[in-house]
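Notes to accompany the following structure.
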Amino acid sequence: MIDIKNLTKQANNKKILRGVDLQVKKGETVAILGPNGAGKSTLLKVLATLIKPTSGIVRINGLDLKKNHIEIKKILGYLPHSSLLYDHYSPLENLVFFGNVYGVRDVEQRAMKLVKDVGLSFFLNEPVKNFSRGMIQRIAIARAIVHDPEVLLLDEPHTGLDQGAISILNNVILSMKEKGSTTLMVTHDFKQAAEICDRIIIVKNGKIVDDFKIKNRNLELVSEKYEMQMEGVS
Amino acid sequence: MNLFRTALLLAKKDLYSELKTKQILVTQIIFAGLVIVVFSFAFDPANNTTKAVIPGVIWVIIVFAGILGLNRSFISEQRNDTMQGLLAAPMEAASIYFGKFLANFSMILVVELVSIPFLFLLFDFKFFGSLPYFILVIFLGSFGFIAIGTFLAALAANSKSSEMLLPLLLFPITTPILIGVVQATKIILTNMEKLPSAIAWIQLVSAYDVIFFVVCFLLIDYVLEV
Amino acid sequence: MSINLEREKAVLPGSGLTETRGENLSKVLFGASAISMLVSLYFIFIFAAEESTMRAAQKIFYFHVSSAWLAFLTFFVTFVFSILFLIKRKRIFDTYAYVSAEIGVVFTIIVLTTGPIWARSAWNTWWVWEPRLITTLILFFIYVAYIMIRQMDGVWDKKARLAAVFGIIGFADVPIVFFAIRWWQTKFHPIVFGEGPSQKGGGIEDTMLVALLVTITAFTILYSYLLHKGVSFENMKIKVDQYKEKLRETLDK
């Protein structure tokens with residue numbers, strides 16, 4: 001599904017990614033862990049076509065990222081730190097606008113269903129600017145999946161969410177997974193990573209330093225491997 | 001065509017959100033009114049020679065009110081990083097540009113529709129010229145100004161002080177339009193015998209519009225590139 | 001740290017070679033511009049006939065016209081390198097475009113200061129709203145806008161990309177500005193005025209024309225020297241930045 005070969009990114013002489021190789025199969029849920037400034041978000045942005053790589057090949061669904069970026073964008077759902085929502089639009093209007101841009105059919109029904117799924121149907125027509133951080137994050141998740149993306153790119157989706165919102169988010173991700181979507185998730189939250197992911201990647205200094213599968217929500221394995229990577233160098 | 005479909009969606013989104021907040025349009029119209037008042041201090045409206053500056057005043061209003069709108073057009077997408085949402089969506093850079101252009105252009109037309117009659121009224125200007133030609137000149141001039149303005153606004157939005165940068169980029173580049181439309185407006189409003197000369201100016205402005213609209217379409221990919 | 005730097009040098013064995021070649025070229029260009037400048041001074045002040053009404057004040061005309069030629073040439077060079085940069089995305093093209101624009105600003109300022117001095121003695125006024133003058137003024141503003149884009153903060157390739165786009169738009173604009181202004185000012189633009197045919201075309205004396213051509217050549221050589229020097233300065237800056245980053249990385253480890 002996703003095939004990255006020798007990906008590098010350099011900004012003003014500073015190397016952010018130095019040769020990332022990664023294959024992700026369809027239907028996998030991958031967590032990307034690593035310290036701050038390791039290049040996790042940059043990796044995600046390259047996949048979301050928001051940053052041009054300095055060198056290397058990225059293929060998604062067999063399509064080259066450079067040549068077929070419009071085709072690729074159609075199957076990507078991207079959720080960064082910021083919500084990507086228009087402040088004075090209601091959740092419904094936001095979702096309808098983005099749904100239309102992606103060419104979703106029956107967009108109003110789809111939008112209403114999504115708002116209901118994230119548990120905000122009471123606020124369907126309220127402007128987003130009055131919402132709390134957690135509510136905005138929930139709408140932002142709905143926005144990212146409005147077009148049923150085959151690949152979901154999430155950048156620290158759990159930050160600032162309460163328990164209820166976290167379980168809603170996890171349900172969304174798991175139900176997307178059942179439909180066969182691939183998910184890449186940058187996170188600092190080991191517990192959630194172990195909860196929903198079946199593969200963990202640890203990134204450090206712009207390189208992938210560890211890559212393993214986990215089963216049965218084995219939180220200890222994740223922490224252990226992470227500690228090992230971080231200690232080994234300093 | 002996907003390009004026009006998404007462009008129209010984006011323009012509709014901008015205009016609808018303007019309809020909700022009415023921030024930019026109201027500011028633009030009030031600003032236009034203030035410019036008219038300031039001009040009435042500078043040039044005595046009771047004086048007959050003042051009629052000669054009316055064509056210039058019309059374009060000063062359009063340019064300054066237009067800059068206000070252009071400044072907001074891409075800056076407003078920086079809140080919550082919605083620009084990233086548009087760039088990550090399956091739309092060409094050209095359709096982002098075209099959508100923004102349509103929104104800005106319709107807004108400046110509304111501003112003109114309100115402020116120019118207001119100007120004629122306050123300065124007691126009797127309209128003798130040819131109305132169709134006048135509308136044509138206003139339309140073509142605003143088209144070129146907004147086309148290149150939207151493009152440079154996209155460029156300037158990368159800077160932290162884009163409000164200051166945009167006029168510096170925009171005014172030198174649009175000098176030909178401003179010269180052309182002011183001359184054409186002057187002839188049409190005050191001296192209809194020289195109409196062939198006005199038509200020549202209109203042709204120059206149209207040529208500029210076409211050239212720069214095409215150049216902007218070709219180059220916008222590089223401006224909005226990530 | 002010093003060991004590290006030396007190792008860097010060893011990694012790039014070719015760089016030393018190109019440096020000496022660049023050094024030689026810069027020496028040649030320096031010598032050529034110095035000599036051609038002296039020659040052009042001779043042609044201007046001794047060889048060329050003195051203008052009958054303006055006397056010595058007319059001599060500034062040679063510098064003025066040559067600078068104006070350079071002001072437009074530099075922008076053309078910026079335009080060409082901007083297109084090359086957008087196609088090839090090599091940093092060197094961007095450096096050339098930038099340095100050329102910087103030199104352009106200097107020569108545009110020279111034009112805009114020598115112009116009024118000439119105008120004062122020729123037309124008895126400091127400034128005339130005449131097509132060539134206004135076009136040069138607008139050109140100056142476009143140059144300044146170009147430089148301001150370069151002053152933005154951000155990564156170099158973003159700045160280079162945006163500046164290149166503006167360089168292309170700006171250059172495409174200049175001829176249209178000129179035609180628009182010329183059209184606008186036709187009534188003030190009779191042949192007796194300014195550097196029209198009375199001075200440049202039919203009216204100019206042979207010796208003056210020779211002196212003018214020599215000065216233009218000298219200025220063009222000076223420009224190529226400045227461009228070469230400026231580019232090597234920029235390259236040094238880039239290299240220092242790279243070394244700094246390398247050092248920082250090794251210190252981080």
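FYI, nothing fancy with the structure tokens labels: chains A, B, ... in order, residues from 1 per chain, ligands from 1 as they appear.
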Close residues, range 118-131 of chain B itself excluded, 8 Å, only C-alpha atoms, min 3 positions apart in chain, as a short mmCIF file (atom, residue, chain, number, x, y, z; two decimals) with C-alpha atoms, in the first residue's frame:
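Here's the written file selection-v9.cif:
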```cif
data_model
loop_
_atom_site.label_atom_id
_atom_site.label_comp_id
_atom_site.auth_asym_id
_atom_site.auth_seq_id
_atom_site.Cartn_x
_atom_site.Cartn_y
_atom_site.Cartn_z
CA ILE B 36 -14.47 59.78 -0.53
CA SER B 40 -13.85 66.00 -0.34
CA PRO B 45 -16.63 69.44 -4.13
CA ALA B 46 -18.24 72.81 -4.84
CA LYS B 51 -14.81 67.09 -11.71
CA ILE B 58 -12.75 56.14 -8.53
CA VAL B 114 -22.07 50.80 -3.72
CA SER B 115 -19.23 53.31 -3.63
CA PHE B 134 -17.95 53.01 -18.25
CA ILE B 135 -19.06 49.63 -16.89
CA ILE B 188 -15.49 58.34 -21.07
CA LEU B 189 -16.70 60.53 -18.22
CA THR B 190 -15.67 63.94 -19.50
CA ASN B 191 -14.77 63.91 -23.15
CA MET B 192 -16.71 61.43 -25.27
#
```
Taking the DSSP assignment computed from this structure's backbone, write out as a PyMOL selection string all residues of range 28-188 of chain A that belong to strand (DSSP E or B).
chain A and resi 29-33+55-60+63-64+76-79+151-155+182-186
I'd like the interatomic distance between CA of Thr6 in chain B and CA of Ala103 in chain B, to a tenth of an Å.
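Those two atoms sit 12.8 Å apart.
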When you look at range 154-166 of chain A with a cut-off of 7 Å (counting only C-alpha atoms), what residues show up, excluding the ones that are within fewer than 3 positions of it in the same chain? I need them as a list of chain:residue names.
A:Ser41, A:Tyr78, A:Leu79, A:Pro80, A:His81, A:Gly134, A:Leu169, A:Asn170, A:Leu184, A:Met185, A:Val186, A:Thr187
Residue selection dump (C-alpha atoms) as a PDB file, in the first residue's frame:
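Dumped everything to out.pdb:
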```pdb
ATOM      1  CA  SER A  41       5.566  14.785  11.609  1.00  0.00           C
ATOM      2  CA  TYR A  78      -4.910  13.728   6.992  1.00  0.00           C
ATOM      3  CA  LEU A  79      -5.314  14.982  10.556  1.00  0.00           C
ATOM      4  CA  PRO A  80      -2.507  17.304  11.741  1.00  0.00           C
ATOM      5  CA  HIS A  81      -2.174  19.210  15.029  1.00  0.00           C
ATOM      6  CA  GLY A 134     -11.910  18.257  22.593  1.00  0.00           C
ATOM      7  CA  LEU A 169     -11.487   8.191  18.325  1.00  0.00           C
ATOM      8  CA  ASN A 170     -10.305   4.628  18.858  1.00  0.00           C
ATOM      9  CA  LEU A 184      -0.331   5.690  10.188  1.00  0.00           C
ATOM     10  CA  MET A 185      -0.364   7.400  13.537  1.00  0.00           C
ATOM     11  CA  VAL A 186       2.302   9.618  15.072  1.00  0.00           C
ATOM     12  CA  THR A 187       1.903   9.563  18.827  1.00  0.00           C
TER      13      THR A 187
END
```
Taking only C-alpha atoms into account, what are the residues of chain B at most 8 Å from chain A, put as a list in words?
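Listing them in order of chain and number gives Thr6, Leu9, Lys13, Ser17, Lys20, Thr21, Arg79, Asn80, Asp81, Thr82, Met83, Gln84, Gly85, Leu87, Ala88, Ala89, Pro90, Met91, Glu92 and Val226 of chain B.
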Emit the selected residues as a PDB file, in the first residue's frame, including N, CA and C atoms.
```
ATOM      1  N   THR B   6     -14.078  22.624  -8.342  1.00  0.00           N
ATOM      2  CA  THR B   6     -13.504  22.927  -7.032  1.00  0.00           C
ATOM      3  C   THR B   6     -13.306  24.425  -6.856  1.00  0.00           C
ATOM      4  N   LEU B   9     -16.559  25.791  -5.808  1.00  0.00           N
ATOM      5  CA  LEU B   9     -16.821  25.417  -4.412  1.00  0.00           C
ATOM      6  C   LEU B   9     -16.082  26.335  -3.459  1.00  0.00           C
ATOM      7  N   LYS B  13     -17.572  28.959  -0.872  1.00  0.00           N
ATOM      8  CA  LYS B  13     -17.240  28.879   0.549  1.00  0.00           C
ATOM      9  C   LYS B  13     -16.821  30.249   1.072  1.00  0.00           C
ATOM     10  N   SER B  17     -19.011  32.493   3.715  1.00  0.00           N
ATOM     11  CA  SER B  17     -18.489  32.851   5.036  1.00  0.00           C
ATOM     12  C   SER B  17     -18.434  34.371   5.163  1.00  0.00           C
ATOM     13  N   LYS B  20     -21.774  35.441   6.192  1.00  0.00           N
ATOM     14  CA  LYS B  20     -22.026  35.203   7.613  1.00  0.00           C
ATOM     15  C   LYS B  20     -21.378  36.262   8.486  1.00  0.00           C
ATOM     16  N   THR B  21     -20.113  36.568   8.214  1.00  0.00           N
ATOM     17  CA  THR B  21     -19.400  37.470   9.116  1.00  0.00           C
ATOM     18  C   THR B  21     -19.492  38.917   8.659  1.00  0.00           C
ATOM     19  N   ARG B  79      -5.644  30.600   9.597  1.00  0.00           N
ATOM     20  CA  ARG B  79      -6.245  30.229  10.862  1.00  0.00           C
ATOM     21  C   ARG B  79      -6.601  28.744  10.824  1.00  0.00           C
ATOM     22  N   ASN B  80      -6.234  28.017  11.829  1.00  0.00           N
ATOM     23  CA  ASN B  80      -6.421  26.556  11.879  1.00  0.00           C
ATOM     24  C   ASN B  80      -5.764  25.836  10.703  1.00  0.00           C
ATOM     25  N   ASP B  81      -4.839  26.514  10.023  1.00  0.00           N
ATOM     26  CA  ASP B  81      -4.108  25.894   8.900  1.00  0.00           C
ATOM     27  C   ASP B  81      -5.017  25.339   7.817  1.00  0.00           C
ATOM     28  N   THR B  82      -6.143  26.012   7.565  1.00  0.00           N
ATOM     29  CA  THR B  82      -7.056  25.455   6.564  1.00  0.00           C
ATOM     30  C   THR B  82      -6.413  25.402   5.183  1.00  0.00           C
ATOM     31  N   MET B  83      -5.382  26.273   4.967  1.00  0.00           N
ATOM     32  CA  MET B  83      -4.673  26.205   3.687  1.00  0.00           C
ATOM     33  C   MET B  83      -4.104  24.800   3.479  1.00  0.00           C
ATOM     34  N   GLN B  84      -3.593  24.203   4.551  1.00  0.00           N
ATOM     35  CA  GLN B  84      -3.072  22.830   4.442  1.00  0.00           C
ATOM     36  C   GLN B  84      -4.174  21.868   4.052  1.00  0.00           C
ATOM     37  N   GLY B  85      -5.382  22.112   4.605  1.00  0.00           N
ATOM     38  CA  GLY B  85      -6.514  21.268   4.246  1.00  0.00           C
ATOM     39  C   GLY B  85      -6.807  21.348   2.759  1.00  0.00           C
ATOM     40  N   LEU B  87      -4.603  22.255   0.425  1.00  0.00           N
ATOM     41  CA  LEU B  87      -3.486  21.702  -0.343  1.00  0.00           C
ATOM     42  C   LEU B  87      -3.485  20.179  -0.298  1.00  0.00           C
ATOM     43  N   ALA B  88      -3.969  19.612   0.832  1.00  0.00           N
ATOM     44  CA  ALA B  88      -3.993  18.159   0.935  1.00  0.00           C
ATOM     45  C   ALA B  88      -5.192  17.569   0.204  1.00  0.00           C
ATOM     46  N   ALA B  89      -6.146  18.430  -0.154  1.00  0.00           N
ATOM     47  CA  ALA B  89      -7.334  17.947  -0.860  1.00  0.00           C
ATOM     48  C   ALA B  89      -7.023  17.793  -2.344  1.00  0.00           C
ATOM     49  N   PRO B  90      -7.792  16.941  -3.028  1.00  0.00           N
ATOM     50  CA  PRO B  90      -7.490  16.709  -4.451  1.00  0.00           C
ATOM     51  C   PRO B  90      -7.935  17.873  -5.320  1.00  0.00           C
ATOM     52  N   MET B  91      -7.235  19.002  -5.214  1.00  0.00           N
ATOM     53  CA  MET B  91      -7.503  20.108  -6.129  1.00  0.00           C
ATOM     54  C   MET B  91      -6.180  20.709  -6.600  1.00  0.00           C
ATOM     55  N   GLU B  92      -6.195  21.186  -7.861  1.00  0.00           N
ATOM     56  CA  GLU B  92      -4.985  21.791  -8.423  1.00  0.00           C
ATOM     57  C   GLU B  92      -4.755  23.146  -7.763  1.00  0.00           C
ATOM     58  N   VAL B 226       4.419  23.120  -2.058  1.00  0.00           N
ATOM     59  CA  VAL B 226       4.745  22.957  -0.643  1.00  0.00           C
ATOM     60  C   VAL B 226       6.173  22.484  -0.438  1.00  0.00           C
TER      61      VAL B 226
END
```
Using only C-alpha atoms, select each residue of chain A with any atom at most 7 Å away from an atom of chain C, and give the selection as a ChimeraX atom specification.
/A:11-14
Which chain C residues are at most 7 Å from chain B (counting only C-alpha atoms), as an MDAnalysis selection string?
chainID C and resid 138 141:142 145 152 161:162 165 170 173 176:177 180
Keeping only C-alpha atoms, write the selected residues as a short mmCIF file (atom, residue, chain, number, x, y, z; two decimals), in the first residue's frame.
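File part_33.cif, as written:
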```cif
data_model
loop_
_atom_site.label_atom_id
_atom_site.label_comp_id
_atom_site.auth_asym_id
_atom_site.auth_seq_id
_atom_site.Cartn_x
_atom_site.Cartn_y
_atom_site.Cartn_z
CA ILE C 138 9.01 51.58 -11.57
CA PHE C 141 10.38 49.66 -7.17
CA ILE C 142 10.06 46.19 -8.70
CA ALA C 145 10.02 44.38 -4.01
CA MET C 152 11.36 36.93 4.20
CA ARG C 161 10.96 29.92 -5.55
CA LEU C 162 8.80 32.93 -4.67
CA VAL C 165 8.18 33.81 -9.69
CA GLY C 170 8.28 41.74 -12.88
CA ASP C 173 5.73 43.78 -16.68
CA ILE C 176 4.17 46.92 -20.75
CA VAL C 177 4.88 49.67 -18.21
CA ALA C 180 1.68 52.36 -21.27
#
```
Atom pair CA of Thr183 in chain A / CA of Lys15 in chain A: separation (Å)
25.9 Å
To one decimal in Å, tell me the separation between CA of Gly230 in chain C and CA of Ile92 in chain C.
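Spanning CA of Gly230 in chain C to CA of Ile92 in chain C is a straight-line distance of 11.9 Å.
All residues of range 149-202 of chain A that DSSP, run on the backbone, classes as alpha helix (DSSP H) are Gln163, Gly164, Ala165, Ile166, Ser167, Ile168, Leu169, Asn170, Asn171, Val172, Ile173, Leu174, Ser175, Met176, Lys177, Glu178, Phe190, Lys191, Gln192, Ala193, Ala194, Glu195 and Ile196 of chain A.
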Next, write the just-selected residues to a file, as a CSV table (one decimal), in the first residue's frame, keeping N, CA and C atoms as the atom set.
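Wrote it out as part-v2.csv, contents follow:
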```csv
chain,number,residue,atom,x,y,z
A,163,GLN,N,-11.3,11.0,28.3
A,163,GLN,CA,-11.5,9.5,28.1
A,163,GLN,C,-12.5,9.2,27.1
A,164,GLY,N,-13.7,9.9,27.2
A,164,GLY,CA,-14.8,9.7,26.2
A,164,GLY,C,-14.4,9.9,24.8
A,165,ALA,N,-13.7,11.0,24.6
A,165,ALA,CA,-13.3,11.3,23.2
A,165,ALA,C,-12.3,10.3,22.7
A,166,ILE,N,-11.4,9.9,23.6
A,166,ILE,CA,-10.4,8.9,23.2
A,166,ILE,C,-11.0,7.6,22.7
A,167,SER,N,-12.1,7.2,23.5
A,167,SER,CA,-12.7,5.9,23.0
A,167,SER,C,-13.4,6.1,21.7
A,168,ILE,N,-14.0,7.3,21.5
A,168,ILE,CA,-14.7,7.6,20.3
A,168,ILE,C,-13.7,7.5,19.1
A,169,LEU,N,-12.5,8.2,19.4
A,169,LEU,CA,-11.5,8.2,18.3
A,169,LEU,C,-11.0,6.8,18.0
A,170,ASN,N,-10.8,6.0,19.1
A,170,ASN,CA,-10.3,4.6,18.9
A,170,ASN,C,-11.3,3.8,18.1
A,171,ASN,N,-12.6,4.0,18.4
A,171,ASN,CA,-13.7,3.3,17.7
A,171,ASN,C,-13.6,3.6,16.2
A,172,VAL,N,-13.5,5.0,16.0
A,172,VAL,CA,-13.4,5.4,14.6
A,172,VAL,C,-12.3,4.7,13.8
A,173,ILE,N,-11.1,4.7,14.5
A,173,ILE,CA,-9.9,4.1,13.8
A,173,ILE,C,-10.2,2.6,13.6
A,174,LEU,N,-10.7,2.0,14.6
A,174,LEU,CA,-10.9,0.5,14.5
A,174,LEU,C,-12.0,0.2,13.4
A,175,SER,N,-13.0,1.0,13.3
A,175,SER,CA,-14.0,0.7,12.3
A,175,SER,C,-13.5,1.0,10.9
A,176,MET,N,-12.6,2.0,10.8
A,176,MET,CA,-11.9,2.3,9.5
A,176,MET,C,-11.1,1.1,9.2
A,177,LYS,N,-10.4,0.5,10.2
A,177,LYS,CA,-9.6,-0.7,10.0
A,177,LYS,C,-10.4,-1.9,9.5
A,178,GLU,N,-11.5,-2.0,10.0
A,178,GLU,CA,-12.4,-3.1,9.6
A,178,GLU,C,-12.7,-3.0,8.1
A,190,PHE,N,1.9,5.9,24.5
A,190,PHE,CA,2.2,4.4,24.3
A,190,PHE,C,1.0,3.6,24.5
A,191,LYS,N,0.2,4.0,25.5
A,191,LYS,CA,-0.9,3.2,25.9
A,191,LYS,C,-1.9,3.0,24.7
A,192,GLN,N,-2.2,4.2,24.1
A,192,GLN,CA,-3.1,4.2,22.9
A,192,GLN,C,-2.5,3.4,21.8
A,193,ALA,N,-1.2,3.6,21.6
A,193,ALA,CA,-0.5,3.0,20.5
A,193,ALA,C,-0.6,1.5,20.7
A,194,ALA,N,-0.4,1.0,21.9
A,194,ALA,CA,-0.5,-0.5,22.1
A,194,ALA,C,-1.9,-0.9,22.0
A,195,GLU,N,-2.8,0.0,22.3
A,195,GLU,CA,-4.2,-0.4,22.3
A,195,GLU,C,-4.7,-0.7,20.9
A,196,ILE,N,-4.4,0.2,19.9
A,196,ILE,CA,-5.1,0.0,18.6
A,196,ILE,C,-4.1,-0.4,17.5
```
So, with only C-alpha atoms as the atoms that count, which of B:Ala94, B:Ala7, B:Ile29, B:Ile62 lies closest to Leu218 in chain B?
B:Ala94
